[in-house]
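Shown below: final39.cif, with mmCIF, C-alpha atoms.
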data_final
#
loop_
_atom_site.label_atom_id
_atom_site.label_comp_id
_atom_site.auth_asym_id
_atom_site.auth_seq_id
_atom_site.Cartn_x
_atom_site.Cartn_y
_atom_site.Cartn_z
CA MET A 1 0.00 0.00 0.00
CA TYR A 2 1.38 3.42 -0.97
CA VAL A 3 0.59 6.39 1.28
CA ARG A 4 1.73 9.84 0.21
CA VAL A 5 2.60 12.07 3.14
CA ILE A 6 1.91 15.78 2.74
CA LEU A 7 4.49 17.75 4.70
CA VAL A 8 4.00 21.23 6.14
CA GLN A 9 5.79 23.61 3.78
CA ASN A 10 6.91 26.07 6.46
CA LEU A 11 8.82 23.43 8.40
CA THR A 12 12.57 23.21 8.09
CA LYS A 13 13.94 20.25 6.15
CA SER A 14 15.08 18.57 9.38
CA ALA A 15 11.62 19.02 10.90
CA GLN A 16 10.02 17.53 7.79
CA ILE A 17 12.14 14.40 8.22
CA LEU A 18 11.25 14.29 11.92
CA SER A 19 7.57 14.65 11.03
CA PHE A 20 7.79 11.77 8.56
CA ILE A 21 9.59 9.51 11.05
CA ALA A 22 7.18 10.46 13.88
CA LYS A 23 4.25 9.04 11.89
CA LYS A 24 5.69 5.51 12.21
CA ASP A 25 7.22 3.53 15.06
CA LEU A 26 10.21 2.45 12.99
CA LEU A 27 11.31 3.40 9.48
CA ARG A 28 13.94 1.90 7.22
CA GLN A 29 16.45 4.30 5.68
CA SER A 30 15.44 3.19 2.18
CA LYS A 31 11.82 4.21 2.87
CA ILE A 32 12.89 7.67 4.09
CA THR A 33 15.37 8.40 1.28
CA THR A 34 12.87 7.44 -1.43
CA GLU A 35 9.79 9.18 0.02
CA PRO A 36 8.59 11.45 -2.84
CA SER A 37 7.54 14.32 -0.56
CA LEU A 38 11.00 14.39 1.06
CA VAL A 39 12.87 13.90 -2.22
CA SER A 40 11.08 16.92 -3.69
CA VAL A 41 12.10 19.07 -0.71
CA PHE A 42 15.74 17.92 -0.78
CA SER A 43 16.24 17.99 -4.55
CA ASP A 44 17.19 21.66 -4.83
CA SER A 45 20.92 20.98 -5.04
CA LYS A 46 22.59 20.33 -8.38
CA THR A 47 25.73 18.79 -6.89
CA THR A 48 24.30 16.27 -4.44
CA THR A 49 21.40 13.87 -4.91
CA ALA A 50 18.33 14.25 -2.73
CA SER A 51 18.89 10.77 -1.32
CA ARG A 52 22.42 11.72 -0.19
CA ARG A 53 21.21 14.97 1.39
CA ILE A 54 18.45 13.10 3.26
CA THR A 55 21.02 10.54 4.47
CA ASP A 56 23.32 13.34 5.67
CA THR A 57 20.43 15.03 7.49
CA LEU A 58 19.49 11.70 9.13
CA ALA A 59 23.08 11.35 10.37
CA LEU A 60 23.03 14.87 11.77
CA LEU A 61 19.66 14.35 13.49
CA ALA A 62 20.97 11.13 15.04
CA LYS A 63 24.16 12.87 16.22
CA GLN A 64 22.06 15.63 17.82
CA GLY A 65 19.88 13.03 19.59
CA TYR A 66 16.62 13.78 17.75
CA ILE A 67 16.37 10.30 16.27
CA SER A 68 17.82 6.95 17.24
CA VAL A 69 19.42 4.55 14.78
CA GLY A 70 19.35 0.79 14.82
CA ILE A 71 19.94 -2.13 12.49
CA LEU A 72 17.17 -4.49 11.40
CA ASP A 73 17.76 -7.15 8.73
CA ASN A 74 21.08 -5.48 7.81
CA GLN A 75 19.37 -2.13 7.15
CA LYS A 76 19.45 1.07 9.16
CA VAL A 77 16.18 1.90 10.88
CA TYR A 78 15.18 5.14 12.58
CA THR A 79 12.79 6.17 15.30
CA ILE A 80 12.16 9.60 16.78
CA THR A 81 13.31 10.29 20.34
CA GLN A 82 11.51 12.38 22.94
CA LYS A 83 14.01 15.16 22.26
CA GLY A 84 13.08 14.90 18.59
CA ARG A 85 9.36 15.09 19.38
CA THR A 86 9.99 18.25 21.42
CA LYS A 87 11.95 19.81 18.56
CA LEU A 88 9.25 18.85 16.07
CA GLN A 89 6.52 20.33 18.27
CA ARG A 90 8.53 23.57 18.57
CA GLU A 91 9.02 23.72 14.80
CA GLN A 92 5.33 23.05 14.15
CA THR A 93 4.42 25.87 16.54
CA ARG A 94 6.82 28.24 14.78
CA ALA A 95 5.44 27.21 11.39
CA SER A 96 1.88 27.99 12.54
CA ILE A 97 2.65 31.72 12.73
CA PRO A 98 1.68 33.45 9.49
CA THR A 99 4.31 35.88 8.21
CA THR A 100 2.80 36.76 4.86
CA GLY A 101 -0.56 36.79 3.19
CA ARG A 102 -3.32 39.14 2.26
CA TRP A 103 -3.82 41.87 4.82
CA ASP A 104 -7.43 42.15 6.04
CA GLY A 105 -7.01 45.70 7.41
CA ARG A 106 -6.78 44.58 11.03
CA TYR A 107 -3.87 44.34 13.43
CA TYR A 108 -3.35 41.39 15.72
CA LEU A 109 -1.67 41.98 19.04
CA VAL A 110 -0.35 39.15 21.17
CA THR A 111 0.30 39.75 24.84
CA PHE A 112 1.08 37.44 27.71
CA ASP A 113 1.49 37.46 31.45
CA ILE A 114 3.79 34.56 32.27
CA PRO A 115 5.37 34.44 35.74
CA GLU A 116 9.10 34.37 36.41
CA SER A 117 8.82 30.70 37.38
CA GLN A 118 8.01 29.96 33.72
CA LYS A 119 10.75 32.17 32.27
CA ALA A 120 11.90 29.53 29.77
CA ILE A 121 8.41 29.36 28.26
CA ARG A 122 8.16 33.16 28.15
CA ASN A 123 11.54 33.39 26.40
CA GLN A 124 10.53 30.73 23.86
CA ILE A 125 7.33 32.63 23.03
CA ILE A 126 9.29 35.86 22.57
CA LEU A 127 11.76 34.05 20.31
CA ASP A 128 8.89 32.58 18.25
CA LEU A 129 7.36 36.03 17.82
CA LYS A 130 10.67 37.62 16.85
CA ASN A 131 11.38 34.86 14.33
CA ALA A 132 7.92 35.39 12.84
CA HIS A 133 8.71 39.09 12.34
CA PHE A 134 6.20 40.37 14.88
CA TYR A 135 6.67 44.03 15.74
CA ASN A 136 7.34 44.81 19.41
CA TYR A 137 4.66 47.50 19.71
CA SER A 138 5.34 48.10 23.38
CA LYS A 139 6.77 46.11 26.28
CA GLY A 140 4.97 42.78 26.30
CA LEU A 141 2.79 43.62 23.28
CA TRP A 142 3.64 42.08 19.91
CA LEU A 143 1.92 43.09 16.68
CA SER A 144 1.33 41.45 13.30
CA PRO A 145 -1.00 42.29 10.42
CA TYR A 146 -1.56 38.56 9.86
CA ASN A 147 -3.94 36.51 12.01
CA PRO A 148 -1.93 34.39 14.51
CA ILE A 149 -4.95 32.65 16.13
CA LYS A 150 -3.58 29.18 15.32
CA TYR A 151 -0.27 30.06 16.97
CA VAL A 152 -2.00 31.45 20.08
CA GLU A 153 -4.20 28.36 20.44
CA THR A 154 -1.28 25.99 19.87
CA THR A 155 0.90 27.83 22.39
CA ARG A 156 -1.88 27.87 25.01
CA ALA A 157 -2.37 24.12 24.66
CA ARG A 158 1.33 23.25 24.41
CA TYR A 159 2.35 25.08 27.59
CA ASN A 160 -1.02 24.87 29.38
CA LEU A 161 -1.20 28.67 29.57
CA GLY A 162 -4.95 29.22 29.40
CA GLN A 163 -5.61 32.96 29.43
CA LYS A 164 -1.98 33.87 30.22
CA ILE A 165 -1.54 34.52 26.50
CA ARG A 166 -4.12 36.72 24.79
CA LEU A 167 -4.95 37.94 21.33
CA ILE A 168 -6.27 41.45 20.69
CA VAL A 169 -7.67 42.54 17.33
CA ALA A 170 -7.51 46.24 16.41
CA SER A 171 -8.69 48.11 13.35
CA HIS A 172 -6.71 51.30 14.05
CA LEU A 173 -3.45 52.14 15.82
CA GLU A 174 -2.05 55.50 16.89
CA ASP A 175 1.13 55.21 14.85
CA GLU A 176 -0.43 53.25 11.99
CA ALA A 177 1.71 54.82 9.23
CA LYS A 178 4.90 53.62 10.96
CA ILE A 179 3.47 50.10 11.34
CA LYS A 180 2.38 49.98 7.69
CA ARG A 181 5.88 50.99 6.59
CA HIS A 182 7.42 48.36 8.85
CA PHE A 183 5.30 45.59 7.29
CA GLN A 184 5.35 47.17 3.81
CA LEU A 185 1.55 47.28 3.65
#

Transcribe the structure of this file into structure tokens.
Amino acid sequence: MYVRVILVQNLTKSAQILSFIAKKDLLRQSKITTEPSLVSVFSDSKTTTASRRITDTLALLAKQGYISVGILDNQKVYTITQKGRTKLQREQTRASIPTTGRWDGRYYLVTFDIPESQKAIRNQIILDLKNAHFYNYSKGLWLSPYNPIKYVETTRARYNLGQKIRLIVASHLEDEAKIKRHFQL
């Protein structure tokens, strides 16, 4: 039976491999290196084959502890580790933040009130927002012209934050011209 896996386009190449491996308990290297959805992602190099680039990425992921490698019937097999699942979840959260699209004329502001005891979570959220090109409108208030509701919901569930992270929708801002220039709207 042939099952085509559709991978999330915004994920890094490493995260796409992790996502593919996470769907199965154990995968043979030959299955991973010939998967059409992965081959299409890794085939952008003219000097190295996609199969070789996938193999190199598998070796790197194993070295970093995101996947474990074993031998079954004289073939390498891979499974995702807990560290790999955590990395994949982080990548999927990052990929859920829209950074482009059609502007609907509204501004989306993300704010959060996370205590010092959860500083690592707070720092990760700030890093996600910075990487997604959110604008730091004021201390603790991050702005985007693109709807981040999926990111907010995912982050709430992932870290069990409930109402500690909030989304505000605005149709007008005081310094709107500056914001429009920043986002090239």

A:Thr81 environment, 8 Å, all atoms listed in the file, sequence neighbours closer than 2 positions dropped, as a ChimeraX atom specification: /A:65-68,79,83-85

Output check: residues returned by the PyMOL selection byres ((chain A and resi 164) around 7), as a list of chain:residue names: A:Phe112, A:Asp113, A:Ile114, A:Leu161, A:Gly162, A:Gln163, A:Ile165, A:Arg166

Report as a ChimeraX atom specification the residues that result from applying the PyMOL selection byres ((chain A and resi 111) around 12) to the structure here. /A:108-110,112-114,122,125-126,129,134-144,148,152,163-169

Which of A:Glu153, A:Gln118, A:Ile32, A:Leu173 sits closest to A:Thr57 [using all atoms listed in the file]: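 Using all atoms listed in the file, the shortest distance to A:Thr57 belongs to A:Ile32.
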
To one decimal place in Å, what is the distance between atom CA of A:Ser171 and atom CA of A:Arg106?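 These atoms are spaced 4.6 Å apart.
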
Nearest-residue call for A:Gln64, choices A:Thr155, A:Glu176, A:Ser14, A:Thr49, using only C-alpha atoms: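 Smallest separation from A:Gln64 among the options: A:Ser14.
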
Could you add whatever atoms are missing so that stretch 63-90 of chain A carries N, CA and C atoms, then write the result as a PDB file, in the coordinates of the input?
ATOM      1  N   LYS A  63      23.060  12.336  15.420  1.00  0.00           N
ATOM      2  CA  LYS A  63      24.160  12.870  16.220  1.00  0.00           C
ATOM      3  C   LYS A  63      23.657  13.864  17.273  1.00  0.00           C
ATOM      4  N   GLN A  64      22.628  14.637  16.903  1.00  0.00           N
ATOM      5  CA  GLN A  64      22.060  15.630  17.820  1.00  0.00           C
ATOM      6  C   GLN A  64      21.074  15.004  18.811  1.00  0.00           C
ATOM      7  N   GLY A  65      20.754  13.728  18.651  1.00  0.00           N
ATOM      8  CA  GLY A  65      19.880  13.030  19.590  1.00  0.00           C
ATOM      9  C   GLY A  65      18.400  13.159  19.297  1.00  0.00           C
ATOM     10  N   TYR A  66      18.032  13.618  18.091  1.00  0.00           N
ATOM     11  CA  TYR A  66      16.620  13.780  17.750  1.00  0.00           C
ATOM     12  C   TYR A  66      15.998  12.499  17.218  1.00  0.00           C
ATOM     13  N   ILE A  67      16.840  11.604  16.699  1.00  0.00           N
ATOM     14  CA  ILE A  67      16.370  10.300  16.270  1.00  0.00           C
ATOM     15  C   ILE A  67      17.377   9.257  16.748  1.00  0.00           C
ATOM     16  N   SER A  68      16.900   8.031  16.882  1.00  0.00           N
ATOM     17  CA  SER A  68      17.820   6.950  17.240  1.00  0.00           C
ATOM     18  C   SER A  68      17.935   6.017  16.040  1.00  0.00           C
ATOM     19  N   VAL A  69      19.107   5.408  15.920  1.00  0.00           N
ATOM     20  CA  VAL A  69      19.420   4.550  14.780  1.00  0.00           C
ATOM     21  C   VAL A  69      19.642   3.136  15.275  1.00  0.00           C
ATOM     22  N   GLY A  70      19.137   2.194  14.517  1.00  0.00           N
ATOM     23  CA  GLY A  70      19.350   0.790  14.820  1.00  0.00           C
ATOM     24  C   GLY A  70      19.548   0.020  13.533  1.00  0.00           C
ATOM     25  N   ILE A  71      19.775  -1.261  13.655  1.00  0.00           N
ATOM     26  CA  ILE A  71      19.940  -2.130  12.490  1.00  0.00           C
ATOM     27  C   ILE A  71      18.887  -3.237  12.582  1.00  0.00           C
ATOM     28  N   LEU A  72      18.175  -3.438  11.483  1.00  0.00           N
ATOM     29  CA  LEU A  72      17.170  -4.490  11.400  1.00  0.00           C
ATOM     30  C   LEU A  72      17.308  -5.133  10.027  1.00  0.00           C
ATOM     31  N   ASP A  73      17.557  -6.423   9.995  1.00  0.00           N
ATOM     32  CA  ASP A  73      17.760  -7.150   8.730  1.00  0.00           C
ATOM     33  C   ASP A  73      18.818  -6.468   7.865  1.00  0.00           C
ATOM     34  N   ASN A  74      19.945  -6.110   8.493  1.00  0.00           N
ATOM     35  CA  ASN A  74      21.080  -5.480   7.810  1.00  0.00           C
ATOM     36  C   ASN A  74      20.754  -4.129   7.171  1.00  0.00           C
ATOM     37  N   GLN A  75      19.715  -3.462   7.644  1.00  0.00           N
ATOM     38  CA  GLN A  75      19.370  -2.130   7.150  1.00  0.00           C
ATOM     39  C   GLN A  75      19.222  -1.174   8.329  1.00  0.00           C
ATOM     40  N   LYS A  76      19.620   0.073   8.109  1.00  0.00           N
ATOM     41  CA  LYS A  76      19.450   1.070   9.160  1.00  0.00           C
ATOM     42  C   LYS A  76      17.968   1.395   9.308  1.00  0.00           C
ATOM     43  N   VAL A  77      17.556   1.505  10.574  1.00  0.00           N
ATOM     44  CA  VAL A  77      16.180   1.900  10.880  1.00  0.00           C
ATOM     45  C   VAL A  77      16.231   3.074  11.846  1.00  0.00           C
ATOM     46  N   TYR A  78      15.209   3.920  11.782  1.00  0.00           N
ATOM     47  CA  TYR A  78      15.180   5.140  12.580  1.00  0.00           C
ATOM     48  C   TYR A  78      13.862   5.248  13.332  1.00  0.00           C
ATOM     49  N   THR A  79      13.966   5.837  14.512  1.00  0.00           N
ATOM     50  CA  THR A  79      12.790   6.170  15.300  1.00  0.00           C
ATOM     51  C   THR A  79      13.053   7.522  15.954  1.00  0.00           C
ATOM     52  N   ILE A  80      12.004   8.268  16.188  1.00  0.00           N
ATOM     53  CA  ILE A  80      12.160   9.600  16.780  1.00  0.00           C
ATOM     54  C   ILE A  80      12.284   9.467  18.299  1.00  0.00           C
ATOM     55  N   THR A  81      13.130  10.287  18.887  1.00  0.00           N
ATOM     56  CA  THR A  81      13.310  10.290  20.340  1.00  0.00           C
ATOM     57  C   THR A  81      12.383  11.335  20.956  1.00  0.00           C
ATOM     58  N   GLN A  82      12.317  11.358  22.270  1.00  0.00           N
ATOM     59  CA  GLN A  82      11.510  12.380  22.940  1.00  0.00           C
ATOM     60  C   GLN A  82      12.069  13.769  22.648  1.00  0.00           C
ATOM     61  N   LYS A  83      13.381  13.881  22.610  1.00  0.00           N
ATOM     62  CA  LYS A  83      14.010  15.160  22.260  1.00  0.00           C
ATOM     63  C   LYS A  83      13.594  15.578  20.848  1.00  0.00           C
ATOM     64  N   GLY A  84      13.508  14.622  19.954  1.00  0.00           N
ATOM     65  CA  GLY A  84      13.080  14.900  18.590  1.00  0.00           C
ATOM     66  C   GLY A  84      11.623  15.332  18.521  1.00  0.00           C
ATOM     67  N   ARG A  85      10.781  14.695  19.334  1.00  0.00           N
ATOM     68  CA  ARG A  85       9.360  15.090  19.380  1.00  0.00           C
ATOM     69  C   ARG A  85       9.207  16.524  19.893  1.00  0.00           C
ATOM     70  N   THR A  86      10.025  16.880  20.884  1.00  0.00           N
ATOM     71  CA  THR A  86       9.990  18.250  21.420  1.00  0.00           C
ATOM     72  C   THR A  86      10.417  19.240  20.355  1.00  0.00           C
ATOM     73  N   LYS A  87      11.487  18.923  19.629  1.00  0.00           N
ATOM     74  CA  LYS A  87      11.950  19.810  18.560  1.00  0.00           C
ATOM     75  C   LYS A  87      10.890  19.933  17.473  1.00  0.00           C
ATOM     76  N   LEU A  88      10.274  18.829  17.100  1.00  0.00           N
ATOM     77  CA  LEU A  88       9.250  18.850  16.070  1.00  0.00           C
ATOM     78  C   LEU A  88       8.061  19.702  16.510  1.00  0.00           C
ATOM     79  N   GLN A  89       7.646  19.546  17.748  1.00  0.00           N
ATOM     80  CA  GLN A  89       6.520  20.330  18.270  1.00  0.00           C
ATOM     81  C   GLN A  89       6.863  21.825  18.234  1.00  0.00           C
ATOM     82  N   ARG A  90       8.081  22.176  18.605  1.00  0.00           N
ATOM     83  CA  ARG A  90       8.530  23.570  18.570  1.00  0.00           C
ATOM     84  C   ARG A  90       8.514  24.114  17.139  1.00  0.00           C
TER      85      ARG A  90
END
